[in-house]
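Peer 1: The structure file protein_32.pdb (PDB, C-alpha atoms) is provided below.
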MODEL        1
ATOM      1  CA  MET C   1       0.000   0.000   0.000  1.00  0.00           C
ATOM      2  CA  ALA C   2       1.356   3.405  -0.996  1.00  0.00           C
ATOM      3  CA  ASP C   3       1.935   6.209   1.440  1.00  0.00           C
ATOM      4  CA  GLN C   4       0.208   9.550   1.445  1.00  0.00           C
ATOM      5  CA  PHE C   5       2.199  12.573   2.511  1.00  0.00           C
ATOM      6  CA  LEU C   6       0.473  15.034   4.825  1.00  0.00           C
ATOM      7  CA  ILE C   7       1.603  18.476   5.856  1.00  0.00           C
ATOM      8  CA  LEU C   8       0.117  19.239   9.258  1.00  0.00           C
ATOM      9  CA  THR C   9      -0.155  22.694  10.778  1.00  0.00           C
ATOM     10  CA  VAL C  10      -0.668  22.707  14.523  1.00  0.00           C
ATOM     11  CA  ILE C  11      -1.529  25.494  16.958  1.00  0.00           C
ATOM     12  CA  GLY C  12      -2.746  25.607  20.541  1.00  0.00           C
ATOM     13  CA  ASP C  13      -2.088  26.939  24.009  1.00  0.00           C
ATOM     14  CA  ASP C  14       1.352  25.669  25.020  1.00  0.00           C
ATOM     15  CA  ARG C  15       1.552  23.033  27.737  1.00  0.00           C
ATOM     16  CA  PRO C  16       3.703  20.000  28.503  1.00  0.00           C
ATOM     17  CA  GLY C  17       2.827  16.892  26.500  1.00  0.00           C
ATOM     18  CA  LEU C  18       1.521  18.439  23.270  1.00  0.00           C
ATOM     19  CA  VAL C  19       4.246  16.946  21.071  1.00  0.00           C
ATOM     20  CA  GLY C  20       3.781  13.587  22.790  1.00  0.00           C
ATOM     21  CA  GLU C  21       0.036  13.602  22.090  1.00  0.00           C
ATOM     22  CA  LEU C  22       0.579  14.623  18.483  1.00  0.00           C
ATOM     23  CA  SER C  23       3.265  11.981  17.903  1.00  0.00           C
ATOM     24  CA  ALA C  24       1.157   9.275  19.608  1.00  0.00           C
ATOM     25  CA  ALA C  25      -1.778   9.982  17.280  1.00  0.00           C
ATOM     26  CA  ILE C  26       0.523   9.853  14.248  1.00  0.00           C
ATOM     27  CA  SER C  27       2.267   6.618  15.223  1.00  0.00           C
ATOM     28  CA  SER C  28      -0.957   4.868  16.292  1.00  0.00           C
ATOM     29  CA  HIS C  29      -2.171   5.336  12.699  1.00  0.00           C
ATOM     30  CA  HIS C  30       1.116   3.945  11.301  1.00  0.00           C
ATOM     31  CA  GLY C  31       2.304   7.428  10.384  1.00  0.00           C
ATOM     32  CA  ASN C  32       5.981   8.238  10.026  1.00  0.00           C
ATOM     33  CA  TRP C  33       7.060  11.682  11.320  1.00  0.00           C
ATOM     34  CA  LEU C  34       9.446  12.995   8.610  1.00  0.00           C
ATOM     35  CA  GLU C  35      10.230  16.667   9.167  1.00  0.00           C
ATOM     36  CA  SER C  36       8.988  19.363  11.489  1.00  0.00           C
ATOM     37  CA  SER C  37       9.481  22.860  12.789  1.00  0.00           C
ATOM     38  CA  MET C  38       7.876  23.843  16.080  1.00  0.00           C
ATOM     39  CA  SER C  39       8.013  26.859  18.343  1.00  0.00           C
ATOM     40  CA  HIS C  40       6.638  28.427  21.496  1.00  0.00           C
ATOM     41  CA  LEU C  41       5.396  31.915  20.593  1.00  0.00           C
ATOM     42  CA  ALA C  42       3.573  34.223  23.003  1.00  0.00           C
ATOM     43  CA  GLY C  43       2.155  31.359  25.047  1.00  0.00           C
ATOM     44  CA  LYS C  44       1.105  29.397  21.975  1.00  0.00           C
ATOM     45  CA  PHE C  45       2.539  26.202  20.542  1.00  0.00           C
ATOM     46  CA  ALA C  46       2.822  26.393  16.750  1.00  0.00           C
ATOM     47  CA  GLY C  47       4.247  23.846  14.368  1.00  0.00           C
ATOM     48  CA  ILE C  48       4.327  22.298  10.962  1.00  0.00           C
ATOM     49  CA  VAL C  49       4.984  18.578  10.432  1.00  0.00           C
ATOM     50  CA  GLU C  50       5.430  16.375   7.364  1.00  0.00           C
ATOM     51  CA  VAL C  51       4.053  12.867   7.875  1.00  0.00           C
ATOM     52  CA  ALA C  52       3.964   9.777   5.650  1.00  0.00           C
ATOM     53  CA  VAL C  53       0.946   7.575   6.359  1.00  0.00           C
ATOM     54  CA  PRO C  54      -0.498   4.541   4.523  1.00  0.00           C
ATOM     55  CA  ASN C  55      -3.358   5.625   2.242  1.00  0.00           C
ATOM     56  CA  ASP C  56      -5.810   3.417   4.114  1.00  0.00           C
ATOM     57  CA  SER C  57      -4.962   5.154   7.431  1.00  0.00           C
ATOM     58  CA  ALA C  58      -4.891   8.790   6.264  1.00  0.00           C
ATOM     59  CA  GLU C  59      -8.539   9.673   6.899  1.00  0.00           C
ATOM     60  CA  ALA C  60      -8.544   7.992  10.322  1.00  0.00           C
ATOM     61  CA  LEU C  61      -5.383   9.923  11.241  1.00  0.00           C
ATOM     62  CA  LYS C  62      -6.956  13.215  10.150  1.00  0.00           C
ATOM     63  CA  ALA C  63     -10.029  12.428  12.280  1.00  0.00           C
ATOM     64  CA  ALA C  64      -7.867  11.549  15.303  1.00  0.00           C
ATOM     65  CA  LEU C  65      -5.839  14.743  14.930  1.00  0.00           C
ATOM     66  CA  GLY C  66      -9.075  16.747  14.886  1.00  0.00           C
ATOM     67  CA  LYS C  67      -9.989  15.292  18.292  1.00  0.00           C
ATOM     68  CA  LEU C  68      -6.755  16.285  20.080  1.00  0.00           C
ATOM     69  CA  SER C  69      -7.646  18.403  23.088  1.00  0.00           C
ATOM     70  CA  GLY C  70      -6.476  22.007  22.960  1.00  0.00           C
ATOM     71  CA  LEU C  71      -4.868  21.706  19.506  1.00  0.00           C
ATOM     72  CA  ARG C  72      -6.132  22.874  16.147  1.00  0.00           C
ATOM     73  CA  VAL C  73      -4.597  20.657  13.449  1.00  0.00           C
ATOM     74  CA  THR C  74      -5.099  21.060   9.712  1.00  0.00           C
ATOM     75  CA  ALA C  75      -3.819  18.566   7.145  1.00  0.00           C
ATOM     76  CA  GLU C  76      -2.943  19.135   3.493  1.00  0.00           C
ATOM     77  CA  SER C  77      -2.550  15.981   1.388  1.00  0.00           C
ATOM     78  CA  SER C  78      -0.072  15.165  -1.340  1.00  0.00           C
ATOM     79  CA  LEU C  79       0.172  11.762  -3.018  1.00  0.00           C
ATOM     80  CA  GLU C  80       3.928  12.066  -3.523  1.00  0.00           C
ATOM     81  CA  GLN C  81       6.755  13.393  -1.457  1.00  0.00           C
ATOM     82  CA  LYS C  82       8.390  16.291  -3.249  1.00  0.00           C
ATOM     83  CA  SER C  83      11.978  15.723  -4.274  1.00  0.00           C
ATOM     84  CA  ALA C  84      14.651  18.192  -3.261  1.00  0.00           C
ATOM     85  CA  VAL C  85      14.807  21.240  -5.514  1.00  0.00           C
ATOM     86  CA  ALA C  86      18.162  22.003  -7.073  1.00  0.00           C
ATOM     87  CA  GLY C  87      19.635  25.461  -6.921  1.00  0.00           C
ATOM     88  CA  ARG C  88      21.936  27.725  -4.981  1.00  0.00           C
ATOM     89  CA  ARG C  89      21.513  27.696  -1.222  1.00  0.00           C
ATOM     90  CA  LEU C  90      22.020  31.054   0.486  1.00  0.00           C
ATOM     91  CA  LYS C  91      21.970  32.262   4.092  1.00  0.00           C
ATOM     92  CA  LEU C  92      20.812  35.782   4.918  1.00  0.00           C
ATOM     93  CA  SER C  93      21.355  37.259   8.383  1.00  0.00           C
ATOM     94  CA  LEU C  94      19.904  40.585   9.444  1.00  0.00           C
ATOM     95  CA  VAL C  95      20.253  42.669  12.626  1.00  0.00           C
ATOM     96  CA  GLY C  96      18.897  46.141  13.225  1.00  0.00           C
ATOM     97  CA  HIS C  97      16.706  48.372  15.336  1.00  0.00           C
ATOM     98  CA  ASP C  98      13.219  46.879  15.408  1.00  0.00           C
ATOM     99  CA  ARG C  99      10.668  48.680  13.278  1.00  0.00           C
ATOM    100  CA  ILE C 100       7.618  47.910  11.167  1.00  0.00           C
ATOM    101  CA  GLY C 101       8.290  46.697   7.613  1.00  0.00           C
ATOM    102  CA  ILE C 102      11.702  45.022   7.798  1.00  0.00           C
ATOM    103  CA  VAL C 103      10.477  41.558   6.747  1.00  0.00           C
ATOM    104  CA  ARG C 104       8.266  43.087   4.028  1.00  0.00           C
ATOM    105  CA  GLU C 105      11.125  45.106   2.508  1.00  0.00           C
ATOM    106  CA  VAL C 106      13.574  42.182   2.495  1.00  0.00           C
ATOM    107  CA  SER C 107      11.026  39.673   1.177  1.00  0.00           C
ATOM    108  CA  GLN C 108      10.068  41.994  -1.687  1.00  0.00           C
ATOM    109  CA  VAL C 109      13.718  42.204  -2.780  1.00  0.00           C
ATOM    110  CA  LEU C 110      14.056  38.426  -2.597  1.00  0.00           C
ATOM    111  CA  ALA C 111      10.885  37.942  -4.670  1.00  0.00           C
ATOM    112  CA  ARG C 112      12.105  40.366  -7.356  1.00  0.00           C
ATOM    113  CA  HIS C 113      15.206  38.181  -7.732  1.00  0.00           C
ATOM    114  CA  ALA C 114      13.155  34.929  -7.736  1.00  0.00           C
ATOM    115  CA  VAL C 115      14.750  33.811  -4.463  1.00  0.00           C
ATOM    116  CA  ASN C 116      12.608  31.459  -2.373  1.00  0.00           C
ATOM    117  CA  VAL C 117      12.492  31.668   1.440  1.00  0.00           C
ATOM    118  CA  GLU C 118      12.883  28.104   2.761  1.00  0.00           C
ATOM    119  CA  ASP C 119      13.290  28.861   6.458  1.00  0.00           C
ATOM    120  CA  LEU C 120      12.740  32.135   8.305  1.00  0.00           C
ATOM    121  CA  SER C 121      13.529  32.577  11.978  1.00  0.00           C
ATOM    122  CA  THR C 122      13.107  35.972  13.664  1.00  0.00           C
ATOM    123  CA  ARG C 123      13.364  37.280  17.185  1.00  0.00           C
ATOM    124  CA  THR C 124      13.695  40.547  19.091  1.00  0.00           C
ATOM    125  CA  ALA C 125      16.150  41.155  21.916  1.00  0.00           C
ATOM    126  CA  SER C 126      17.539  44.055  23.908  1.00  0.00           C
ATOM    127  CA  ALA C 127      20.806  45.493  22.656  1.00  0.00           C
ATOM    128  CA  PRO C 128      23.639  44.791  25.149  1.00  0.00           C
ATOM    129  CA  MET C 129      24.695  48.383  25.816  1.00  0.00           C
ATOM    130  CA  SER C 130      21.608  50.507  25.110  1.00  0.00           C
ATOM    131  CA  ALA C 131      18.739  48.114  25.907  1.00  0.00           C
ATOM    132  CA  GLU C 132      17.082  49.210  22.654  1.00  0.00           C
ATOM    133  CA  ILE C 133      15.016  46.501  20.982  1.00  0.00           C
ATOM    134  CA  MET C 134      16.911  44.853  18.128  1.00  0.00           C
ATOM    135  CA  PHE C 135      15.346  42.722  15.387  1.00  0.00           C
ATOM    136  CA  HIS C 136      17.238  39.581  14.286  1.00  0.00           C
ATOM    137  CA  ALA C 137      16.429  37.386  11.279  1.00  0.00           C
ATOM    138  CA  ASP C 138      18.114  34.259   9.944  1.00  0.00           C
ATOM    139  CA  ILE C 139      16.829  33.160   6.560  1.00  0.00           C
ATOM    140  CA  ASP C 140      17.677  30.086   4.487  1.00  0.00           C
ATOM    141  CA  LEU C 141      17.129  30.757   0.806  1.00  0.00           C
ATOM    142  CA  LEU C 142      17.011  28.836  -2.460  1.00  0.00           C
ATOM    143  CA  ALA C 143      17.807  30.575  -5.738  1.00  0.00           C
ATOM    144  CA  GLY C 144      18.214  29.434  -9.306  1.00  0.00           C
ATOM    145  CA  HIS C 145      21.675  28.723 -10.625  1.00  0.00           C
ATOM    146  CA  ASP C 146      21.326  31.836 -12.813  1.00  0.00           C
ATOM    147  CA  LEU C 147      20.892  34.237  -9.861  1.00  0.00           C
ATOM    148  CA  ASP C 148      22.755  37.533 -10.330  1.00  0.00           C
ATOM    149  CA  ALA C 149      24.210  37.574  -6.810  1.00  0.00           C
ATOM    150  CA  ARG C 150      25.840  40.983  -7.316  1.00  0.00           C
ATOM    151  CA  ALA C 151      22.523  42.596  -8.226  1.00  0.00           C
ATOM    152  CA  LEU C 152      20.795  40.946  -5.270  1.00  0.00           C
ATOM    153  CA  THR C 153      23.569  42.004  -2.881  1.00  0.00           C
ATOM    154  CA  ALA C 154      23.477  45.590  -4.205  1.00  0.00           C
ATOM    155  CA  GLU C 155      19.725  45.837  -3.703  1.00  0.00           C
ATOM    156  CA  LEU C 156      19.952  44.332  -0.195  1.00  0.00           C
ATOM    157  CA  GLU C 157      22.722  46.827   0.679  1.00  0.00           C
ATOM    158  CA  ARG C 158      20.548  49.691  -0.575  1.00  0.00           C
ATOM    159  CA  ILE C 159      17.611  48.690   1.618  1.00  0.00           C
ATOM    160  CA  SER C 160      19.889  47.956   4.584  1.00  0.00           C
ATOM    161  CA  ASN C 161      20.904  51.624   4.511  1.00  0.00           C
ATOM    162  CA  ASP C 162      17.254  52.713   4.255  1.00  0.00           C
ATOM    163  CA  LEU C 163      16.192  50.363   7.059  1.00  0.00           C
ATOM    164  CA  MET C 164      19.319  50.990   9.156  1.00  0.00           C
ATOM    165  CA  VAL C 165      20.034  47.267   9.519  1.00  0.00           C
ATOM    166  CA  ASP C 166      23.062  45.081   8.849  1.00  0.00           C
ATOM    167  CA  ILE C 167      22.416  42.406   6.232  1.00  0.00           C
ATOM    168  CA  ASN C 168      24.835  39.600   5.377  1.00  0.00           C
ATOM    169  CA  LEU C 169      24.260  37.238   2.460  1.00  0.00           C
ATOM    170  CA  ASP C 170      26.440  34.147   2.073  1.00  0.00           C
ATOM    171  CA  GLU C 171      26.381  31.121  -0.187  1.00  0.00           C
ATOM    172  CA  LYS C 172      25.858  27.959   1.835  1.00  0.00           C
ATOM    173  CA  ILE C 173      28.187  25.106   1.086  1.00  0.00           C
ATOM    174  CA  ALA C 174      26.236  21.842   1.053  1.00  0.00           C
TER
ENDMDL
END
With the file now loaded, output its structure as structure tokens.

Peer 2:
Amino acid sequence: MADQFLILTVIGDDRPGLVGELSAAISSHHGNWLESSMSHLAGKFAGIVEVAVPNDSAEALKAALGKLSGLRVTAESSLEQKSAVAGRRLKLSLVGHDRIGIVREVSQVLARHAVNVEDLSTRTASAPMSAEIMFHADIDLLAGHDLDARALTAELERISNDLMVDINLDEKIA
């Protein structure tokens, strides 16, 4: 029997045992937990999980996930697991005074250069000396082999001056 691949999104009030309950429901329906990203944000538990489950167990798993107490789980189905996309892997790091619009400005530049955001992690923290709130972002990117890295870097440098942030873009070595 073939597997179905599900992408689960999960959100609920954070408490001990949530991941255990989620993983127990998945494994009791013969599901295989493949990849995930989970975080505690403002008292909430939020996550995304890729699961492979036998086709004949997929609907029962979805029903069981819908009954988990205190969690809202949605499932998107795909009959095949997507293969890894080829391209240039980049890492973008950003630090600057927190203000509205930083993620929007950077993401618009990336979109203009057909660069895909694969992983985005942000946080705010007090600056060591001034206690001002600083915004930090670490972004894993995927670009085509034909990316004009100089043009992308130049545009990121231009907006870093406008936004008053430091932006570093490096090619990741696989």

Peer 1: In the coordinate frame of the file, compute which residues have an atom within 9 Å of (12.4, 19.3, 7.6) when using only C-alpha atoms, and state them as a PyMOL selection string.

Peer 2: chain C and resi 34-37+49-50

Peer 1: Can you turn the PyMOL selection byres ((chain C and resi 107-116) around 7) into a concrete residue list for this file, as a PyMOL selection string?

Peer 2: chain C and resi 103-106+117-118+141-143+152

Peer 1: Could you tell me which residues the PyMOL selection byres ((chain C and resi 99) around 9) grabs in this file, written as a list of chain:residue names?

Peer 2: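 Expected selection for the PyMOL selection byres ((chain C and resi 99) around 9) here is C:Gly96, C:His97, C:Asp98, C:Ile100, C:Gly101, C:Ile102, C:Met134, C:Phe135, C:Leu163.
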
Peer 1: Could you list the residues chosen by the PyMOL selection byres ((chain C and resi 144-148) around 6) in this structure as a list in words?

Peer 2: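 For this structure, the PyMOL selection byres ((chain C and resi 144-148) around 6) captures Gly87, Arg88, Ala143, Ala149, Arg150 and Ala151 of chain C.
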
Peer 1: Which is closer to Asn32 in chain C than all the others in C:Ser126, C:Gln4, C:Asn161, C:Ser78, using all atoms listed in the file?

Peer 2: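 The shortest atom-to-atom distance to Asn32 in chain C comes from C:Gln4.
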
Peer 1: So what do you get for CA of Ser27 in chain C versus CA of Asp14 in chain C, distance-wise?

Peer 2: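 Distance between the two atoms: 21.4 Å.
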
Peer 1: Kindly indicate which residue among C:Ala131, C:Ser28, C:Asp3, C:Ala42 lies nearest to Asp56 in chain C, using only C-alpha atoms for the distances.

Peer 2: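 Looking at the shortest contact to Asp56 in chain C, the residue is C:Asp3.
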
Peer 1: Find the residues around Ser39 in chain C up to 10 Å (all atoms listed in the file counted), leave out those fewer than 3 positions away in its own chain, and share them as a list of chain:residue names.

Peer 2: C:Ile11, C:Asp14, C:Ala42, C:Gly43, C:Lys44, C:Phe45, C:Ala46, C:Gly47, C:Ile48

Peer 1: Give the answer as one residue: which of C:Glu21, C:Asp138, C:Glu155, C:Asp166 has the shortest atom-to-atom distance to Ser69 in chain C, using all atoms listed in the file?

Peer 2: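 Ranked by minimum distance to Ser69 in chain C, first place goes to C:Glu21.
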
Peer 1: From the set C:Ser23, C:Thr9, C:Thr122, C:Ser130, which residue has the shortest atom-to-atom contact distance to Glu76 in chain C, counting all atoms listed in the file?

Peer 2: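 Between C:Ser23, C:Thr9, C:Thr122, C:Ser130, the residue approaching Glu76 in chain C most closely is C:Thr9.
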
Peer 1: Around (-6.6, 6.0, 10.0), as given in the file, which residues come within 10 Å? Count only C-alpha atoms and list them as a ChimeraX atom specification.

Peer 2: /C:25-26,28-31,53-64

Peer 1: Can you tell me how far CA of Arg89 in chain C sits from CA of Ser160 in chain C, in Å to one decimal?

Peer 2: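 CA of Ser160 in chain C lies 21.1 Å from CA of Arg89 in chain C.
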
Peer 1: May I have the centre and edge lengths, in Å to one decimal, of an axis-aligned box around the listed atoms of range 24-28 of chain C with 4 Å added to every side, as lines of an AutoDock Vina configuration file?

Peer 2:
center_x = 0.2
center_y = 7.4
center_z = 16.9
size_x = 12.0
size_y = 13.1
size_z = 13.4

Peer 1: May I ask which of the residues C:Thr74, C:Ala52, C:Ala127, C:Leu68 is the closest one to Gly17 in chain C, counting all atoms listed in the file?

Peer 2: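 Of the candidates, the smallest distance to Gly17 in chain C is held by C:Leu68.
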